[in-house]
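Asker: So here's start19.cif, just mmCIF, C-alpha atoms:
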data_data
loop_
_atom_site.label_atom_id
_atom_site.label_comp_id
_atom_site.auth_asym_id
_atom_site.auth_seq_id
_atom_site.Cartn_x
_atom_site.Cartn_y
_atom_site.Cartn_z
CA MET Y 1 -36.64 63.26 -17.36
CA LYS Y 2 -35.47 66.85 -16.98
CA PHE Y 3 -32.54 67.92 -19.15
CA GLY Y 4 -30.19 70.88 -18.93
CA ILE Y 5 -28.06 71.79 -21.93
CA VAL Y 6 -24.87 73.85 -22.19
CA VAL Y 7 -23.76 75.35 -25.52
CA ASN Y 8 -20.17 76.60 -25.59
CA GLU Y 9 -19.70 77.55 -29.23
CA GLY Y 10 -21.23 80.11 -31.57
CA PRO Y 11 -23.56 79.29 -34.46
CA TYR Y 12 -22.33 78.31 -37.96
CA GLN Y 13 -18.64 78.22 -36.98
CA HIS Y 14 -19.00 74.97 -35.05
CA GLN Y 15 -21.55 72.16 -35.09
CA ALA Y 16 -22.12 72.33 -31.31
CA SER Y 17 -25.21 74.54 -31.48
CA ASP Y 18 -26.78 72.36 -34.20
CA SER Y 19 -26.09 69.18 -32.23
CA ALA Y 20 -27.55 70.70 -29.08
CA TYR Y 21 -30.67 71.86 -30.94
CA LEU Y 22 -31.27 68.44 -32.54
CA PHE Y 23 -30.69 66.78 -29.17
CA CYS Y 24 -33.28 69.06 -27.55
CA LYS Y 25 -35.81 68.37 -30.28
CA ALA Y 26 -35.32 64.61 -29.95
CA ALA Y 27 -35.58 64.81 -26.15
CA ILE Y 28 -38.88 66.65 -26.41
CA GLU Y 29 -40.15 64.12 -28.97
CA ARG Y 30 -39.27 61.39 -26.47
CA GLY Y 31 -41.45 63.08 -23.88
CA HIS Y 32 -38.62 64.58 -21.83
CA GLU Y 33 -38.41 68.16 -20.64
CA VAL Y 34 -35.64 70.54 -21.66
CA TRP Y 35 -35.59 72.79 -18.65
CA ARG Y 36 -32.86 75.23 -19.58
CA VAL Y 37 -30.26 75.83 -22.28
CA PHE Y 38 -27.30 77.81 -21.02
CA PHE Y 39 -25.10 79.62 -23.53
CA TYR Y 40 -21.51 80.14 -22.41
CA HIS Y 41 -18.14 81.05 -23.95
CA ASP Y 42 -18.67 81.88 -27.67
CA GLY Y 43 -22.04 80.14 -27.31
CA VAL Y 44 -23.44 83.56 -26.36
CA ASN Y 45 -23.25 84.42 -30.07
CA ASN Y 46 -26.27 82.17 -30.60
CA ALA Y 47 -28.33 84.93 -29.01
CA THR Y 48 -27.77 87.95 -31.23
CA ARG Y 49 -30.73 89.12 -33.27
CA LEU Y 50 -28.35 90.71 -35.77
CA THR Y 51 -27.73 87.26 -37.25
CA GLU Y 52 -28.68 87.03 -40.91
CA PRO Y 53 -27.80 83.76 -42.62
CA PRO Y 54 -28.27 83.28 -46.39
CA GLN Y 55 -31.88 82.43 -47.27
CA ASP Y 56 -31.20 78.79 -48.10
CA ASP Y 57 -29.54 78.14 -44.74
CA ARG Y 58 -31.05 77.35 -41.35
CA HIS Y 59 -31.56 80.31 -39.02
CA ILE Y 60 -29.89 78.95 -35.90
CA VAL Y 61 -30.80 81.89 -33.68
CA ASN Y 62 -34.49 82.05 -34.58
CA ARG Y 63 -34.73 78.26 -34.48
CA TRP Y 64 -33.69 78.30 -30.81
CA GLY Y 65 -36.18 81.06 -30.07
CA LYS Y 66 -39.01 79.16 -31.74
CA LEU Y 67 -38.24 75.88 -29.96
CA ALA Y 68 -38.07 77.72 -26.64
CA GLU Y 69 -41.39 79.42 -27.23
CA GLU Y 70 -43.14 76.19 -28.25
CA HIS Y 71 -41.81 74.12 -25.38
CA LYS Y 72 -41.22 76.70 -22.64
CA ILE Y 73 -37.46 76.28 -22.58
CA ASP Y 74 -35.47 78.83 -20.60
CA LEU Y 75 -32.69 80.11 -22.90
CA VAL Y 76 -30.09 81.79 -20.71
CA VAL Y 77 -27.06 83.70 -21.94
CA CYS Y 78 -24.18 84.17 -19.51
CA VAL Y 79 -23.84 87.87 -18.72
CA ALA Y 80 -20.06 87.96 -18.24
CA ALA Y 81 -19.38 85.97 -21.43
CA ALA Y 82 -21.96 88.05 -23.32
CA LEU Y 83 -20.60 91.46 -22.33
CA ARG Y 84 -17.09 90.34 -23.28
CA ARG Y 85 -18.40 89.57 -26.77
CA GLY Y 86 -20.75 92.50 -27.34
CA ILE Y 87 -24.03 90.71 -26.69
CA ARG Y 88 -26.39 92.82 -24.61
CA ASP Y 89 -30.13 93.44 -24.20
CA GLU Y 90 -30.12 95.84 -27.17
CA ASN Y 91 -29.19 93.10 -29.64
CA LEU Y 92 -30.60 90.08 -27.84
CA ALA Y 93 -32.81 87.82 -29.96
CA GLN Y 94 -36.34 86.93 -28.93
CA GLY Y 95 -36.69 84.04 -26.51
CA PHE Y 96 -33.30 84.54 -24.82
CA ARG Y 97 -32.50 86.25 -21.54
CA ILE Y 98 -29.19 87.40 -20.09
CA SER Y 99 -28.34 86.27 -16.58
CA GLY Y 100 -25.51 85.11 -14.33
CA LEU Y 101 -23.45 81.96 -14.15
CA GLY Y 102 -25.53 80.89 -11.17
CA GLN Y 103 -28.16 79.85 -13.72
CA LEU Y 104 -25.74 77.24 -15.05
CA VAL Y 105 -25.06 75.87 -11.59
CA GLU Y 106 -28.78 75.86 -10.88
CA ALA Y 107 -29.34 73.85 -14.08
CA GLY Y 108 -26.82 71.31 -12.79
CA ILE Y 109 -28.66 71.08 -9.50
CA GLN Y 110 -32.24 71.07 -10.76
CA THR Y 111 -32.02 68.80 -13.80
CA ASP Y 112 -31.54 65.04 -14.01
CA ARG Y 113 -28.86 65.31 -16.70
CA LEU Y 114 -26.70 68.18 -17.90
CA VAL Y 115 -25.31 67.70 -21.40
CA VAL Y 116 -22.49 69.91 -22.68
CA PHE Y 117 -21.99 70.75 -26.36
CA GLY Y 118 -18.80 72.54 -27.35
CA ASP Y 119 -15.49 72.38 -29.14
CA MET C 120 -30.94 75.21 -1.73
CA SER C 121 -30.70 71.95 0.15
CA ASP C 122 -29.65 69.48 -2.54
CA ILE C 123 -25.89 69.02 -2.72
CA LYS C 124 -24.58 67.48 -5.89
CA LYS C 125 -21.12 66.36 -6.85
CA PHE C 126 -19.85 68.70 -9.57
CA MET C 127 -16.63 67.91 -11.39
CA PHE C 128 -14.92 70.34 -13.71
CA VAL C 129 -12.73 68.59 -16.21
CA ASN C 130 -9.96 70.80 -17.56
CA ARG C 131 -8.20 69.49 -20.66
CA LYS C 132 -7.17 72.72 -22.34
CA ALA C 133 -4.10 74.90 -21.93
CA PRO C 134 -4.46 78.49 -20.69
CA TYR C 135 -4.18 81.65 -22.89
CA GLY C 136 -4.37 79.93 -26.28
CA THR C 137 -8.12 79.92 -25.75
CA ILE C 138 -10.38 81.43 -23.08
CA TYR C 139 -11.85 78.11 -21.88
CA ALA C 140 -9.60 77.74 -18.82
CA LEU C 141 -10.36 81.23 -17.54
CA GLU C 142 -14.10 81.08 -18.09
CA SER C 143 -14.22 77.59 -16.54
CA LEU C 144 -12.61 78.94 -13.41
CA GLU C 145 -15.36 81.54 -13.20
CA VAL C 146 -17.95 78.74 -13.11
CA VAL C 147 -15.99 76.90 -10.43
CA LEU C 148 -16.11 79.91 -8.13
CA ILE C 149 -19.85 80.36 -8.64
CA THR C 150 -20.52 76.65 -8.06
CA ALA C 151 -18.63 76.79 -4.78
CA ALA C 152 -20.83 79.72 -3.75
CA PHE C 153 -23.85 77.41 -4.20
CA ASP C 154 -22.37 75.09 -1.54
CA GLN C 155 -21.99 72.16 -3.91
CA ASP C 156 -19.41 69.38 -3.66
CA VAL C 157 -16.85 70.68 -6.17
CA SER C 158 -13.83 68.94 -7.59
CA LEU C 159 -11.47 69.86 -10.41
CA ALA C 160 -9.76 67.38 -12.69
CA PHE C 161 -6.77 68.29 -14.84
CA LEU C 162 -5.88 66.07 -17.77
CA ASP C 163 -3.98 66.46 -21.03
CA ASP C 164 -3.01 70.10 -21.74
CA GLY C 165 -5.23 71.15 -18.83
CA VAL C 166 -2.31 70.39 -16.50
CA TYR C 167 -0.51 73.40 -18.01
CA GLN C 168 -3.10 75.62 -16.31
CA LEU C 169 -1.38 74.82 -13.00
CA LYS C 170 2.23 75.45 -14.11
CA LYS C 171 4.15 77.69 -11.73
CA GLY C 172 5.73 80.92 -12.91
CA GLN C 173 3.23 82.13 -15.53
CA GLN C 174 4.22 85.63 -16.71
CA THR C 175 1.66 87.17 -19.02
CA LYS C 176 2.87 90.76 -19.24
CA GLY C 177 4.36 90.18 -22.68
CA ILE C 178 1.07 88.98 -24.17
CA GLU C 179 -0.93 91.75 -22.44
CA THR C 180 -3.36 89.25 -20.97
CA LYS C 181 -4.41 88.84 -17.35
CA ASN C 182 -2.50 86.13 -15.49
CA PHE C 183 -5.32 84.22 -13.83
CA SER C 184 -3.19 81.44 -12.39
CA PRO C 185 -3.14 82.93 -8.84
CA THR C 186 -6.87 82.16 -8.73
CA TYR C 187 -6.09 78.45 -8.40
CA ARG C 188 -4.32 79.26 -5.16
CA ALA C 189 -7.34 81.20 -3.96
CA LEU C 190 -9.70 78.25 -4.47
CA GLU C 191 -9.01 76.99 -0.96
CA GLY C 192 -10.66 80.13 0.39
CA TYR C 193 -13.84 79.08 -1.41
CA ASP C 194 -13.61 75.59 0.12
CA VAL C 195 -12.60 74.11 -3.23
CA GLU C 196 -9.89 71.74 -2.12
CA LYS C 197 -10.30 68.71 -4.35
CA LEU C 198 -7.88 69.18 -7.21
CA TYR C 199 -6.93 66.05 -9.11
CA VAL C 200 -4.20 65.78 -11.72
CA GLU C 201 -3.66 62.79 -13.96
CA GLN C 202 -0.19 61.29 -13.61
CA GLU C 203 0.09 60.22 -17.26
CA SER C 204 -0.70 63.74 -18.47
CA LEU C 205 2.00 65.24 -16.24
CA GLU C 206 4.58 62.71 -17.43
CA ALA C 207 3.75 63.23 -21.08
CA ARG C 208 4.56 66.93 -20.59
CA GLY C 209 7.76 66.56 -18.62
CA LEU C 210 6.12 67.95 -15.49
CA THR C 211 6.06 66.81 -11.89
CA GLU C 212 3.98 67.86 -8.89
CA ALA C 213 6.78 70.27 -7.96
CA ASP C 214 6.05 72.29 -11.12
CA LEU C 215 2.49 73.00 -10.02
CA LEU C 216 1.46 76.17 -8.23
CA VAL C 217 -1.01 74.51 -5.88
CA ASP C 218 -1.33 71.30 -3.86
CA VAL C 219 -3.03 68.56 -5.83
CA THR C 220 -3.79 64.87 -5.63
CA VAL C 221 -2.08 62.96 -8.42
CA LEU C 222 -4.08 60.02 -9.76
CA GLY C 223 -3.48 57.33 -12.36
CA SER C 224 -5.75 57.31 -15.43
CA LYS C 225 -8.06 54.59 -14.22
CA GLU C 226 -8.39 56.15 -10.76
CA MET C 227 -9.34 59.40 -12.47
CA GLY C 228 -11.90 57.54 -14.56
CA ALA C 229 -13.38 55.94 -11.44
CA LEU C 230 -13.69 59.37 -9.82
CA MET C 231 -15.55 60.71 -12.86
CA GLU C 232 -18.04 57.85 -12.54
CA GLN C 233 -18.98 59.01 -9.04
CA GLN C 234 -20.02 62.52 -10.07
CA ASP C 235 -23.53 63.86 -10.55
CA VAL C 236 -22.57 66.63 -12.96
CA VAL C 237 -19.43 66.70 -15.09
CA LEU C 238 -18.70 69.99 -16.81
CA SER C 239 -16.02 70.41 -19.42
CA PHE C 240 -15.33 73.46 -21.49
CA MET E 241 -21.34 56.82 -17.47
CA LEU E 242 -21.81 58.09 -21.01
CA HIS E 243 -18.70 59.57 -22.63
CA ILE E 244 -19.44 61.85 -25.58
CA ILE E 245 -16.60 62.47 -28.03
CA ASN E 246 -16.80 65.03 -30.85
CA LYS E 247 -13.26 65.22 -32.26
CA SER E 248 -11.56 63.30 -35.05
CA PRO E 249 -9.10 60.91 -33.39
CA LEU E 250 -6.42 61.74 -35.95
CA CYS E 251 -6.49 65.43 -35.02
CA HIS E 252 -7.15 65.47 -31.30
CA ASN E 253 -6.47 63.23 -28.32
CA ALA E 254 -9.98 63.37 -26.80
CA LEU E 255 -10.87 59.80 -27.74
CA GLU E 256 -7.42 58.54 -26.80
CA SER E 257 -7.66 60.21 -23.37
CA CYS E 258 -11.14 58.86 -22.85
CA LEU E 259 -10.08 55.31 -23.66
CA ARG E 260 -7.05 55.61 -21.36
CA THR E 261 -9.19 56.83 -18.48
CA VAL E 262 -12.46 54.95 -18.56
CA GLY E 263 -12.81 51.33 -17.57
CA SER E 264 -16.47 50.79 -18.36
CA GLY E 265 -19.58 52.55 -19.56
CA ASP E 266 -20.72 53.81 -22.95
CA ILE E 267 -18.94 55.94 -25.53
CA LEU E 268 -20.89 57.93 -28.11
CA LEU E 269 -19.08 59.35 -31.14
CA ILE E 270 -20.67 62.51 -32.58
CA GLU E 271 -19.66 65.30 -34.98
CA ASP E 272 -16.06 64.82 -36.20
CA ALA E 273 -15.51 61.88 -33.84
CA VAL E 274 -17.67 59.68 -36.08
CA TYR E 275 -14.59 59.11 -38.26
CA ALA E 276 -13.29 56.89 -35.44
CA ALA E 277 -16.17 54.49 -36.12
CA THR E 278 -15.13 53.75 -39.70
CA LYS E 279 -13.28 50.75 -41.10
CA GLY E 280 -9.76 51.45 -42.33
CA ASN E 281 -9.29 54.42 -40.02
CA ALA E 282 -5.97 54.30 -38.13
CA MET E 283 -7.99 53.98 -34.90
CA GLU E 284 -9.79 50.83 -36.06
CA ASP E 285 -7.76 48.36 -33.99
CA ARG E 286 -8.11 50.53 -30.87
CA MET E 287 -11.84 50.81 -31.43
CA ARG E 288 -12.27 47.08 -31.93
CA ALA E 289 -10.33 46.43 -28.72
CA ALA E 290 -12.33 49.05 -26.81
CA ALA E 291 -15.64 47.70 -28.10
CA GLY E 292 -14.85 44.53 -26.15
CA GLN E 293 -15.17 46.19 -22.74
CA ILE E 294 -16.97 49.45 -23.49
CA LYS E 295 -20.09 49.77 -25.60
CA VAL E 296 -19.35 52.15 -28.47
CA TYR E 297 -22.08 54.02 -30.36
CA VAL E 298 -21.93 56.38 -33.31
CA LEU E 299 -24.41 59.13 -34.21
CA LEU E 300 -25.64 58.05 -37.64
CA PRO E 301 -26.79 61.45 -38.98
CA ASP E 302 -23.24 62.76 -38.43
CA LEU E 303 -21.75 59.76 -40.20
CA GLU E 304 -24.21 60.07 -43.10
CA ALA E 305 -23.40 63.76 -43.45
CA ARG E 306 -19.75 62.81 -43.89
CA GLY E 307 -20.44 60.11 -46.48
CA LEU E 308 -19.24 57.17 -44.39
CA ALA E 309 -22.41 55.47 -43.17
CA ASP E 310 -21.54 52.29 -45.07
CA ARG E 311 -18.23 51.76 -43.27
CA ILE E 312 -19.13 51.29 -39.62
CA ILE E 313 -16.77 48.94 -37.76
CA ASP E 314 -18.53 45.75 -36.65
CA GLY E 315 -19.49 45.95 -33.00
CA ILE E 316 -20.16 49.69 -33.05
CA ALA E 317 -23.87 50.47 -32.89
CA SER E 318 -25.43 53.41 -34.68
CA VAL E 319 -28.06 55.65 -33.09
CA ASP E 320 -30.09 58.66 -34.20
CA TYR E 321 -30.68 61.75 -32.02
CA GLY E 322 -33.47 59.91 -30.19
CA GLY E 323 -30.98 57.15 -29.43
CA PHE E 324 -28.53 59.80 -28.21
CA VAL E 325 -31.20 61.04 -25.78
CA ASP E 326 -31.89 57.47 -24.63
CA LEU E 327 -28.18 56.92 -23.92
CA VAL E 328 -27.99 60.07 -21.81
CA ALA E 329 -31.12 59.03 -19.92
CA ALA E 330 -29.95 55.44 -19.41
CA ASN E 331 -26.59 56.41 -17.93
CA LYS E 332 -26.31 57.88 -14.44
CA ASN E 333 -24.17 60.75 -15.70
CA CYS E 334 -22.42 61.96 -18.82
CA GLN E 335 -19.28 63.73 -19.84
CA SER E 336 -18.38 65.56 -23.04
CA TRP E 337 -14.67 65.20 -23.82
CA LEU E 338 -14.25 68.64 -25.39
#
Spell out the structure here as structure tokens.
Answerer:
Amino acid sequence: MKFGIVVNEGPYQHQASDSAYLFCKAAIERGHEVWRVFFYHDGVNNATRLTEPPQDDRHIVNRWGKLAEEHKIDLVVCVAAALRRGIRDENLAQGFRISGLGQLVEAGIQTDRLVVFGD
Amino acid sequence: MSDIKKFMFVNRKAPYGTIYALESLEVVLITAAFDQDVSLAFLDDGVYQLKKGQQTKGIETKNFSPTYRALEGYDVEKLYVEQESLEARGLTEADLLVDVTVLGSKEMGALMEQQDVVLSF
Amino acid sequence: MLHIINKSPLCHNALESCLRTVGSGDILLIEDAVYAATKGNAMEDRMRAAAGQIKVYVLLPDLEARGLADRIIDGIASVDYGGFVDLVAANKNCQSWL
């Protein structure tokens, strides 16, 4: 089955990004495809490469990038939400791309299930 | 794109206190542009998004409520409001800035069941 | 339909609204909503009543993280993330009550 995921909250502040990541990992382990993860609202903060957590903590941003690279997941950051919050190509982490809201709608159309994680 | 899916946007948050209502509306407009079957549901504090007479000058924030009136121009005409949520807030249909269909809780639940994609922010 | 709840029922009305609205289907409690799955919580009676007509699940890793894995209300089933995925796949559609 083809899954689309929406993440509406930033990393560390809220569990949403962690839950979404663990869901994606489990879906892949079950043999499903995670087609796209769309980052919206404060979720765009998952995509800044300026993130530096303490060494004993998980690196939420890099973890997304790694999962995407290993399993060819399209990580899309909403351009309007990103610009509002100071996320742009200059500080975008590896594995993410910035694009329009149409990518979210497309995920709804193209996938079998769209699962939203937020606050 | 030939596939048409039923998209429902569930709005349960009040405007201005957080940005969710405004950014959700932005998705609604884009979804309509993709020629999908779009409906909006308003429950709980989400019904406050439709309150007439919003004046945001004093908080120096854009009043986005006129956009709900513009939805018709994008062929978004299915707006559903839950009766129980209105009542719990001392509101009636006459307080709302746009024409809506008022539904009881269980009718609203049945409508949700029929959707292909349910987005909530 | 799968209804996903992530808020503590004593702080937010998401679970309450969900129960008022839905007539059938599955409910999955994740994140702070897992407190609703525990014995002695003020929602216990509501949850027991709901579990009669709606199948209620709780995400075990979230309950374990909060130190309450030994207090699940009878009739509520626990799942791991794989089980979460299975629930989404098994239902025709899903909704997160944010």
Asker: To test your reading of the syntax: which residues would the PyMOL selection byres ((chain C) within 8 of (chain Y)) return for the file shown? Reply as an MDAnalysis selection string.
Answerer: chainID C and resid 122:124 138:139 142 146 149:150 153 236:240
Asker: Which distance in Å separates CA of Val319 in chain E and CA of Glu256 in chain E, to one decimal?
Answerer: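 One can read the CA of Val319 in chain E to CA of Glu256 in chain E distance as 21.8 Å.
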Asker: Considering all atoms listed in the file, return as a PyMOL selection string whatever protein or nucleic-acid residues lie within 7 Å of range 289-299 of chain E, sequence-local ones (same chain, fewer than 5 positions apart) excluded.
Answerer: chain E and resi 264-270+274+277+315-320
Asker: Can you work out the spacing between CA of Asn91 in chain Y and CA of Lys181 in chain C in Å, to one decimal?
Answerer: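 Computing the Euclidean distance for CA of Asn91 in chain Y and CA of Lys181 in chain C yields 28.0 Å.
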Asker: Which residues fall under the PyMOL selection byres ((chain E) within 7 of (chain Y)) in this file, as a PyMOL selection string?
Answerer: chain E and resi 321-322+325+333-334+336+338
Asker: Suppose you want the space between CA of Leu215 in chain C and CA of Val200 in chain C; what is it in Å?
Answerer: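 Calculated distance between CA of Leu215 in chain C and CA of Val200 in chain C is 10.0 Å.
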Asker: Define the interface residues of chain C facing chain E as those within 9 Å, counting all atoms listed in the file, and report them as a PyMOL selection string.
Answerer: chain C and resi 129+131-132+162-163+223-229+231-240
Asker: Select, from E:Val328, E:Pro249, E:His243, E:Lys279, the residue with the minimum atom-to-atom distance to Leu308 in chain E, counting all atoms listed in the file.
Answerer: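 Checking each candidate against Leu308 in chain E, we get E:Lys279 as the closest.
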Asker: If you count all atoms listed in the file, which residues fall within 10 Å of Ile87 in chain Y, apart from same-chain ones fewer than 3 positions away, as a list in words?
Answerer: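 Selected residues are Val44, Asn45, Asn46, Ala47, Thr48, Arg49, Val77, Cys78, Val79, Ala80, Ala81, Ala82, Leu83, Arg84, Glu90, Asn91, Leu92, Ala93 and Ile98 of chain Y.
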Asker: Which residue, C:Asp218, C:Glu206, C:Asp156, C:Glu145, has the smallest gap to Arg188 in chain C when you use all atoms listed in the file?
Answerer: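 Nearest candidate to Arg188 in chain C out of C:Asp218, C:Glu206, C:Asp156, C:Glu145: C:Asp218.
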Asker: Could you check which of E:Leu250, E:Ile245, E:Leu255, E:Met287 is closest to Ile313 in chain E, using only C-alpha atoms?
Answerer: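 Checking each candidate against Ile313 in chain E, we get E:Met287 as the closest.
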Asker: Between C:Ala189, C:Met127, C:Val166, C:Val221, which is the closest to Arg208 in chain C once you count all atoms listed in the file?
Answerer: C:Val166
Asker: Pull the neighbourhood of (4.2, 70.1, -10.7) for me: all residues within 12 Å in file coordinates, counting all atoms listed in the file, as a list in words.
Answerer: Phe161, Val166, Tyr167, Gln168, Leu169, Lys170, Lys171, Gly172, Tyr199, Val200, Glu201, Gln202, Ser204, Leu205, Glu206, Arg208, Gly209, Leu210, Thr211, Glu212, Ala213, Asp214, Leu215, Leu216, Val217, Asp218, Val219, Thr220 and Val221 of chain C
Asker: Go ahead and dump the residues you just picked, C-alpha atoms, as a CSV table (one decimal), in the frame of the given file.
Answerer:
chain,number,residue,atom,x,y,z
C,161,PHE,CA,-6.8,68.3,-14.8
C,166,VAL,CA,-2.3,70.4,-16.5
C,167,TYR,CA,-0.5,73.4,-18.0
C,168,GLN,CA,-3.1,75.6,-16.3
C,169,LEU,CA,-1.4,74.8,-13.0
C,170,LYS,CA,2.2,75.4,-14.1
C,171,LYS,CA,4.2,77.7,-11.7
C,172,GLY,CA,5.7,80.9,-12.9
C,199,TYR,CA,-6.9,66.0,-9.1
C,200,VAL,CA,-4.2,65.8,-11.7
C,201,GLU,CA,-3.7,62.8,-14.0
C,202,GLN,CA,-0.2,61.3,-13.6
C,204,SER,CA,-0.7,63.7,-18.5
C,205,LEU,CA,2.0,65.2,-16.2
C,206,GLU,CA,4.6,62.7,-17.4
C,208,ARG,CA,4.6,66.9,-20.6
C,209,GLY,CA,7.8,66.6,-18.6
C,210,LEU,CA,6.1,68.0,-15.5
C,211,THR,CA,6.1,66.8,-11.9
C,212,GLU,CA,4.0,67.9,-8.9
C,213,ALA,CA,6.8,70.3,-8.0
C,214,ASP,CA,6.0,72.3,-11.1
C,215,LEU,CA,2.5,73.0,-10.0
C,216,LEU,CA,1.5,76.2,-8.2
C,217,VAL,CA,-1.0,74.5,-5.9
C,218,ASP,CA,-1.3,71.3,-3.9
C,219,VAL,CA,-3.0,68.6,-5.8
C,220,THR,CA,-3.8,64.9,-5.6
C,221,VAL,CA,-2.1,63.0,-8.4
Asker: Under the rule that all atoms listed in the file are counted, which of Y:Gly95, Y:Gly10, Y:Gly86, Y:Gly4 is the nearest residue to Ala68 in chain Y?
Answerer: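 For Ala68 in chain Y, the nearest of the candidates is Y:Gly95.
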